[in-house]
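As stored in target_8.txt (compact mmCIF, C-alpha atoms):
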```txt
# COMPACT_ATOMS: atom_id res chain seq x y z
CA MET A 1 19.05 -16.40 5.88
CA LEU A 2 16.02 -14.21 6.49
CA VAL A 3 12.56 -15.79 6.69
CA ALA A 4 9.62 -13.43 6.34
CA ILE A 5 6.36 -14.58 7.97
CA ASP A 6 2.93 -13.02 8.39
CA GLY A 7 1.15 -15.55 10.56
CA SER A 8 -0.25 -17.44 7.57
CA GLU A 9 -0.04 -21.20 7.14
CA SER A 10 2.20 -20.77 4.11
CA GLY A 11 4.62 -18.60 6.08
CA ILE A 12 4.89 -21.16 8.87
CA HIS A 13 5.45 -23.92 6.33
CA ALA A 14 8.26 -21.89 4.71
CA LEU A 15 9.82 -21.42 8.16
CA LYS A 16 9.76 -25.18 8.82
CA GLU A 17 11.48 -25.83 5.50
CA SER A 18 14.06 -23.15 6.25
CA PHE A 19 15.09 -25.07 9.40
CA LYS A 20 16.15 -28.00 7.23
CA LEU A 21 18.00 -25.76 4.81
CA ALA A 22 19.76 -23.89 7.60
CA ALA A 23 20.87 -27.15 9.21
CA ASN A 24 22.35 -28.37 5.93
CA GLU A 25 23.96 -25.04 5.10
CA LYS A 26 25.07 -24.40 8.69
CA SER A 27 23.55 -20.93 8.53
CA TRP A 28 21.65 -18.86 11.04
CA ILE A 29 18.07 -17.65 10.67
CA THR A 30 16.49 -14.29 11.32
CA VAL A 31 12.70 -14.42 11.31
CA VAL A 32 10.89 -11.17 10.57
CA SER A 33 7.28 -10.10 10.66
CA VAL A 34 6.29 -6.59 9.63
CA VAL A 35 3.65 -4.34 11.13
CA PRO A 36 2.18 -2.38 8.21
CA PRO A 37 1.68 1.37 8.54
CA TYR A 38 -1.75 2.54 9.71
CA GLU A 39 -3.56 4.06 6.75
CA GLY A 40 -6.81 5.07 8.38
CA ASP A 41 -8.87 2.00 7.55
CA LEU A 42 -12.39 2.70 8.82
CA ASP A 43 -12.63 -0.87 10.08
CA THR A 44 -10.04 -0.10 12.77
CA THR A 45 -11.31 3.31 13.93
CA ALA A 46 -13.38 1.69 16.67
CA ILE A 47 -10.37 -0.08 18.14
CA GLY A 48 -9.07 1.73 21.19
CA ASN A 49 -5.41 0.93 20.71
CA ILE A 50 -4.80 0.86 16.97
CA GLN A 51 -1.08 0.30 17.31
CA HIS A 52 -1.63 -2.69 19.57
CA ALA A 53 -4.14 -4.09 17.10
CA LEU A 54 -1.65 -3.72 14.27
CA ARG A 55 1.24 -5.25 16.22
CA HIS A 56 -0.69 -8.21 17.60
CA PRO A 57 -0.57 -10.39 14.42
CA CYS A 58 3.15 -9.69 14.09
CA GLU A 59 3.93 -10.55 17.70
CA LYS A 60 1.77 -13.68 17.58
CA ALA A 61 3.46 -14.86 14.39
CA LEU A 62 6.89 -14.44 15.97
CA ALA A 63 5.79 -16.15 19.19
CA ASP A 64 4.56 -19.10 17.12
CA ALA A 65 7.90 -19.11 15.28
CA ILE A 66 9.80 -19.30 18.58
CA ASP A 67 7.64 -22.23 19.75
CA LEU A 68 8.17 -23.99 16.44
CA ALA A 69 11.93 -23.43 16.59
CA LYS A 70 12.08 -24.89 20.09
CA ALA A 71 10.14 -27.95 18.95
CA GLU A 72 12.48 -28.39 15.99
CA ARG A 73 15.57 -27.56 18.08
CA ALA A 74 16.42 -24.74 15.71
CA SER A 75 18.10 -21.49 16.69
CA ILE A 76 16.46 -18.31 15.43
CA LYS A 77 16.40 -14.59 16.08
CA THR A 78 13.06 -12.81 15.74
CA VAL A 79 12.49 -9.23 14.67
CA CYS A 80 9.23 -7.28 14.58
CA GLU A 81 9.57 -4.41 12.10
CA GLU A 82 7.21 -1.53 11.34
CA GLY A 83 6.67 0.05 7.95
CA VAL A 84 6.10 -0.91 4.34
CA PRO A 85 6.54 -4.70 4.39
CA HIS A 86 8.77 -5.22 1.35
CA GLU A 87 11.00 -2.28 2.29
CA ARG A 88 11.50 -3.50 5.85
CA ILE A 89 12.21 -7.06 4.69
CA ILE A 90 14.80 -5.90 2.18
CA ASP A 91 16.43 -3.43 4.59
CA LEU A 92 16.73 -6.08 7.30
CA ALA A 93 18.21 -8.58 4.86
CA GLU A 94 20.86 -6.01 3.98
CA ALA A 95 21.51 -5.05 7.62
CA GLU A 96 21.84 -8.70 8.66
CA ASN A 97 23.94 -9.51 5.57
CA CYS A 98 21.59 -12.36 4.70
CA GLU A 99 22.40 -14.25 1.52
CA LEU A 100 18.89 -15.60 1.10
CA ILE A 101 15.34 -14.39 1.75
CA VAL A 102 12.75 -17.14 2.24
CA MET A 103 9.03 -16.53 1.79
CA GLY A 104 5.98 -18.77 1.58
CA ARG A 105 3.31 -18.91 -1.10
CA SER A 106 -0.22 -19.86 -0.23
CA GLY A 107 -2.31 -22.38 -2.10
CA LEU A 108 -4.63 -20.02 -3.94
CA SER A 109 -6.63 -20.29 -7.13
CA LYS A 110 -4.69 -20.41 -10.40
CA ILE A 111 -5.49 -16.78 -11.22
CA LYS A 112 -4.55 -15.47 -7.77
CA ARG A 113 -1.39 -17.61 -7.67
CA ALA A 114 -0.28 -16.08 -10.97
CA LEU A 115 -0.13 -12.72 -9.17
CA ILE A 116 1.89 -14.25 -6.26
CA GLY A 117 1.25 -11.26 -3.99
CA SER A 118 2.50 -7.71 -3.96
CA VAL A 119 4.93 -8.19 -1.05
CA SER A 120 6.70 -11.18 -2.59
CA SER A 121 6.75 -9.52 -5.99
CA ARG A 122 8.27 -6.33 -4.60
CA VAL A 123 10.83 -8.16 -2.49
CA ILE A 124 12.02 -10.05 -5.56
CA GLY A 125 11.89 -6.94 -7.72
CA PHE A 126 13.87 -4.67 -5.42
CA SER A 127 16.12 -6.94 -3.34
CA GLN A 128 19.71 -7.68 -4.29
CA ARG A 129 19.52 -10.95 -2.38
CA ASP A 130 18.44 -14.34 -3.68
CA VAL A 131 14.80 -15.13 -2.88
CA LEU A 132 13.39 -18.62 -2.30
CA ILE A 133 9.61 -18.92 -2.64
CA ILE A 134 8.14 -22.09 -1.11
CA PRO A 135 4.59 -23.12 -2.03
CA LEU A 136 2.39 -24.44 0.74
CA GLY A 137 3.04 -28.16 1.11
CA ALA A 138 6.22 -28.21 -0.99
CA ALA A 139 9.54 -29.45 0.37
CA VAL A 140 12.91 -27.83 -0.32
CA ALA A 141 15.25 -30.33 -2.00
CA TRP A 142 18.17 -30.17 -4.42
CA THR A 143 18.35 -33.69 -5.83
CA ASN A 144 16.69 -32.89 -9.17
CA ILE A 145 17.16 -29.23 -10.07
CA LEU A 146 15.55 -27.53 -13.05
CA LEU A 147 17.59 -24.59 -14.31
CA ALA A 148 16.18 -22.19 -16.91
CA VAL A 149 18.77 -20.42 -19.08
CA ASP A 150 18.50 -17.81 -21.82
CA GLY A 151 22.09 -16.80 -22.48
CA SER A 152 21.88 -13.60 -20.40
CA LYS A 153 24.37 -12.72 -17.69
CA TYR A 154 21.56 -13.21 -15.18
CA SER A 155 20.95 -16.81 -16.21
CA LYS A 156 24.71 -17.43 -16.07
CA ILE A 157 24.74 -16.27 -12.46
CA ALA A 158 21.74 -18.53 -11.78
CA ALA A 159 23.63 -21.41 -13.40
CA GLU A 160 26.57 -20.90 -11.05
CA ARG A 161 24.23 -21.03 -8.05
CA ALA A 162 22.49 -24.13 -9.40
CA MET A 163 25.84 -25.89 -9.83
CA ASP A 164 26.81 -24.95 -6.27
CA PHE A 165 23.66 -26.61 -4.92
CA ALA A 166 24.03 -29.64 -7.18
CA MET A 167 27.61 -30.21 -6.01
CA ALA A 168 26.77 -29.63 -2.34
CA TYR A 169 23.79 -32.00 -2.34
CA GLY A 170 24.85 -34.53 -4.96
CA GLY A 171 22.03 -33.41 -7.22
CA ASN A 172 21.63 -33.39 -10.97
CA LEU A 173 20.63 -30.59 -13.32
CA LYS A 174 17.95 -30.48 -15.97
CA ILE A 175 18.77 -27.41 -18.05
CA ILE A 176 16.09 -25.91 -20.25
CA SER A 177 16.19 -23.07 -22.76
CA VAL A 178 12.85 -21.96 -24.21
CA VAL A 179 12.17 -20.49 -27.64
CA ASP A 180 9.14 -18.25 -27.25
CA VAL A 181 8.01 -16.56 -30.48
CA PRO A 182 4.58 -15.60 -31.88
CA PRO A 183 3.00 -18.35 -34.02
CA GLU A 184 3.13 -16.17 -37.14
CA PHE A 185 6.94 -16.19 -36.97
CA TYR A 186 6.99 -19.82 -38.07
CA GLY A 187 5.35 -18.91 -41.35
CA GLU A 188 6.86 -15.47 -41.92
CA ALA A 189 10.44 -16.00 -40.72
CA PRO A 190 11.24 -19.72 -40.41
CA ASP A 191 14.98 -19.07 -40.75
CA ALA A 192 14.87 -16.65 -37.81
CA VAL A 193 13.06 -19.22 -35.69
CA GLU A 194 15.60 -21.87 -36.61
CA ASP A 195 18.37 -19.48 -35.59
CA LEU A 196 16.70 -18.91 -32.22
CA ILE A 197 16.44 -22.66 -31.68
CA LYS A 198 20.15 -23.07 -32.44
CA LYS A 199 21.04 -20.31 -29.99
CA ALA A 200 18.82 -21.85 -27.30
CA ARG A 201 20.46 -25.23 -27.88
CA GLY A 202 23.86 -23.56 -27.55
CA TYR A 203 22.93 -21.92 -24.21
CA ALA A 204 21.66 -25.19 -22.75
CA ASP A 205 24.49 -27.33 -24.10
CA GLU A 206 27.20 -24.94 -22.91
CA THR A 207 25.73 -24.84 -19.40
CA ALA A 208 25.49 -28.65 -19.32
CA LYS A 209 29.11 -28.86 -20.44
CA GLN A 210 30.20 -26.55 -17.62
CA ALA A 211 28.26 -28.63 -15.11
CA GLY A 212 29.76 -31.85 -16.46
CA SER A 213 33.26 -30.45 -16.04
CA LYS A 214 32.47 -30.12 -12.32
CA GLY A 215 31.29 -33.70 -12.05
CA ILE A 216 27.60 -32.82 -12.09
CA LYS A 217 25.18 -34.98 -14.04
CA ALA A 218 23.41 -32.57 -16.38
CA GLU A 219 21.04 -32.83 -19.32
CA ALA A 220 20.20 -30.04 -21.79
CA PHE A 221 16.77 -29.50 -23.32
CA VAL A 222 15.23 -27.01 -25.74
CA ARG A 223 11.49 -26.47 -25.87
CA GLU A 224 9.23 -24.16 -27.85
CA GLY A 225 6.21 -22.33 -26.47
CA GLU A 226 5.16 -19.74 -23.92
CA THR A 227 8.16 -19.59 -21.59
CA SER A 228 6.56 -19.76 -18.15
CA GLU A 229 4.11 -22.46 -19.24
CA VAL A 230 6.90 -24.55 -20.75
CA ILE A 231 9.02 -24.27 -17.59
CA ILE A 232 6.11 -25.22 -15.31
CA ASN A 233 5.09 -28.20 -17.44
CA PHE A 234 8.68 -29.36 -17.85
CA ALA A 235 9.25 -29.16 -14.09
CA LYS A 236 6.24 -31.45 -13.57
CA GLU A 237 7.37 -33.80 -16.33
CA GLN A 238 10.86 -34.10 -14.85
CA LYS A 239 9.59 -34.19 -11.25
CA ALA A 240 11.89 -31.28 -10.36
CA ASP A 241 12.56 -30.60 -6.69
CA THR A 242 13.38 -26.94 -7.25
CA ILE A 243 13.32 -24.48 -10.14
CA ILE A 244 16.17 -21.98 -10.37
CA ILE A 245 15.85 -18.88 -12.53
CA GLY A 246 17.82 -15.66 -12.91
CA SER A 247 16.25 -12.27 -12.30
CA HIS A 248 16.90 -9.70 -15.00
CA GLY A 249 18.06 -6.30 -13.79
CA ARG A 250 15.33 -3.69 -14.03
CA THR A 251 14.61 -0.22 -12.77
CA GLY A 252 11.58 1.65 -11.53
CA LEU A 253 8.16 0.24 -12.37
CA LYS A 254 9.60 -2.75 -14.22
CA ARG A 255 11.17 -3.93 -10.96
CA LEU A 256 7.77 -3.77 -9.32
CA LEU A 257 6.32 -5.93 -12.07
CA MET A 258 9.34 -8.22 -11.75
CA GLY A 259 8.84 -9.83 -15.13
CA SER A 260 5.94 -11.88 -16.39
CA VAL A 261 7.95 -15.08 -16.84
CA ALA A 262 9.42 -15.15 -13.32
CA GLU A 263 6.15 -14.08 -11.74
CA LYS A 264 4.11 -16.76 -13.51
CA VAL A 265 6.67 -19.47 -12.76
CA ILE A 266 6.71 -18.55 -9.07
CA GLY A 267 2.95 -18.23 -8.88
CA LEU A 268 2.09 -21.48 -10.62
CA SER A 269 4.94 -23.81 -9.67
CA SER A 270 4.14 -26.71 -7.36
CA CYS A 271 7.79 -26.85 -6.22
CA PRO A 272 10.01 -24.18 -4.64
CA VAL A 273 11.48 -21.53 -6.93
CA LEU A 274 14.85 -19.89 -6.27
CA VAL A 275 15.22 -16.48 -7.91
CA VAL A 276 18.92 -15.70 -8.21
CA LYS A 277 19.79 -12.01 -8.26
CA GLY A 278 22.65 -10.41 -10.16
```
For this file, write the structure as structure tokens.
Amino acid sequence: MLVAIDGSESGIHALKESFKLAANEKSWITVVSVVPPYEGDLDTTAIGNIQHALRHPCEKALADAIDLAKAERASIKTVCEEGVPHERIIDLAEAENCELIVMGRSGLSKIKRALIGSVSSRVIGFSQRDVLIIPLGAAVAWTNILLAVDGSKYSKIAAERAMDFAMAYGGNLKIISVVDVPPEFYGEAPDAVEDLIKKARGYADETAKQAGSKGIKAEAFVREGETSEVIINFAKEQKADTIIIGSHGRTGLKRLLMGSVAEKVIGLSSCPVLVVKG
């Protein structure tokens, strides 16, 4: 797995949690910190060695990671990259053939958390690898997994990954499908809404059936409301350890935006969120 850090408290916390995951999965860890390109910020013009000033936070973050790994008796490889952060993170994940990218999420205000940060958003939007976002203070666990499904091929891929984790860790699945329609639909097209509810029930029930056939304890739920809000509230209600969602395939600008549902879930969730890529 690849863990991206920037010297922040949230990045260090994500690294600590990745040690536990790597031990369980018997995987190796590459830790990367990226030196951003110099863009002529006036605040740095008085610094004699601009490149040194830019590299220092990266090198310090990696030195701290090495000390932490020694204390935790974890084996890591560190890499200091230079360039556009999300591009370097994605390129390194591909070069190292990493199956998972791990990133932290700081404890910001509700509005700022909803934006989750441009680097994380772009990594998720452009990477072909799964991305695990760990909020500051949250622990990675797979005992009680919340899986969101919508019948798309992307949610089916996410379901497969969720079942893999549930089987590996003896966890159970709470499967939710959300019906999100404008309020006026209930008055103008009640039959259409009822049809959507039936489809949502079918998606959730079919996934639960597949999980049950593999010996996984699974429950299916259908809820109505704004999708990201429903998922967040349901995760709290069910005391979910981790939320797993699929990432819809997009191109161009839409990949940068990543999708309002996924972005809001990641930004506002109090537990880790695994975004499974197609």
Provide the CA of Cys98 (chain A) to CA of Ala63 (chain A) distance in Å, to one decimal place.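 Distance reported for this atom pair: 21.8 Å.
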Taking all atoms listed in the file into account, name the residue in A:Gly187, A:Gly246, A:Gly11, A:Gly170 that is nearest to Glu263 (chain A).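 The answer is A:Gly246, which sits nearest to Glu263 (chain A).
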Closest of A:Leu274, A:Leu268, A:Ser33, A:Ala22 to Ala162 (chain A) - atom-to-atom distances counting only C-alpha atoms: A:Leu274
Just the number, please: distance in Å from CA of Val261 (chain A) to CA of Asn97 (chain A), one decimal.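 Taking CA of Val261 (chain A) as the start and CA of Asn97 (chain A) as the end point, the length is 28.1 Å.
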Protein, DNA and RNA residues within 10 Å of (18.7, -37.2, -7.1), only C-alpha atoms, as number ranges by chain: A: 141-145, 166, 169-173, 217, 240-241
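CA of Tyr38 (chain A) is positioned 19.6 Å from CA of Arg122 (chain A).
Among the candidates A:Asp67, A:Gly151, A:Ile133, A:Asp205, the one nearest to Ala218 (chain A) when counting all atoms listed in the file is A:Asp205.
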Find the residues near Asp64 (chain A): any atom within 12 Å, counting all atoms listed in the file, skip ones fewer than 3 places away on the same chain, and give them as a list in words.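 With the cut-off at 12 Å, the set is Ile5, Asp6, Gly7, Ser8, Glu9, Gly11, Ile12, His13, Leu15, Lys16, Val31, Ser33, Pro57, Cys58, Glu59, Lys60, Ala61, Asp67, Leu68, Ala69, Lys70, Ala71 and Thr78 of chain A.
If you measure from each of A:Leu146, A:Ala4, A:Ile175, A:Ala192 to Lys239 (chain A) using only C-alpha atoms, the closest one turns out to be A:Leu146.
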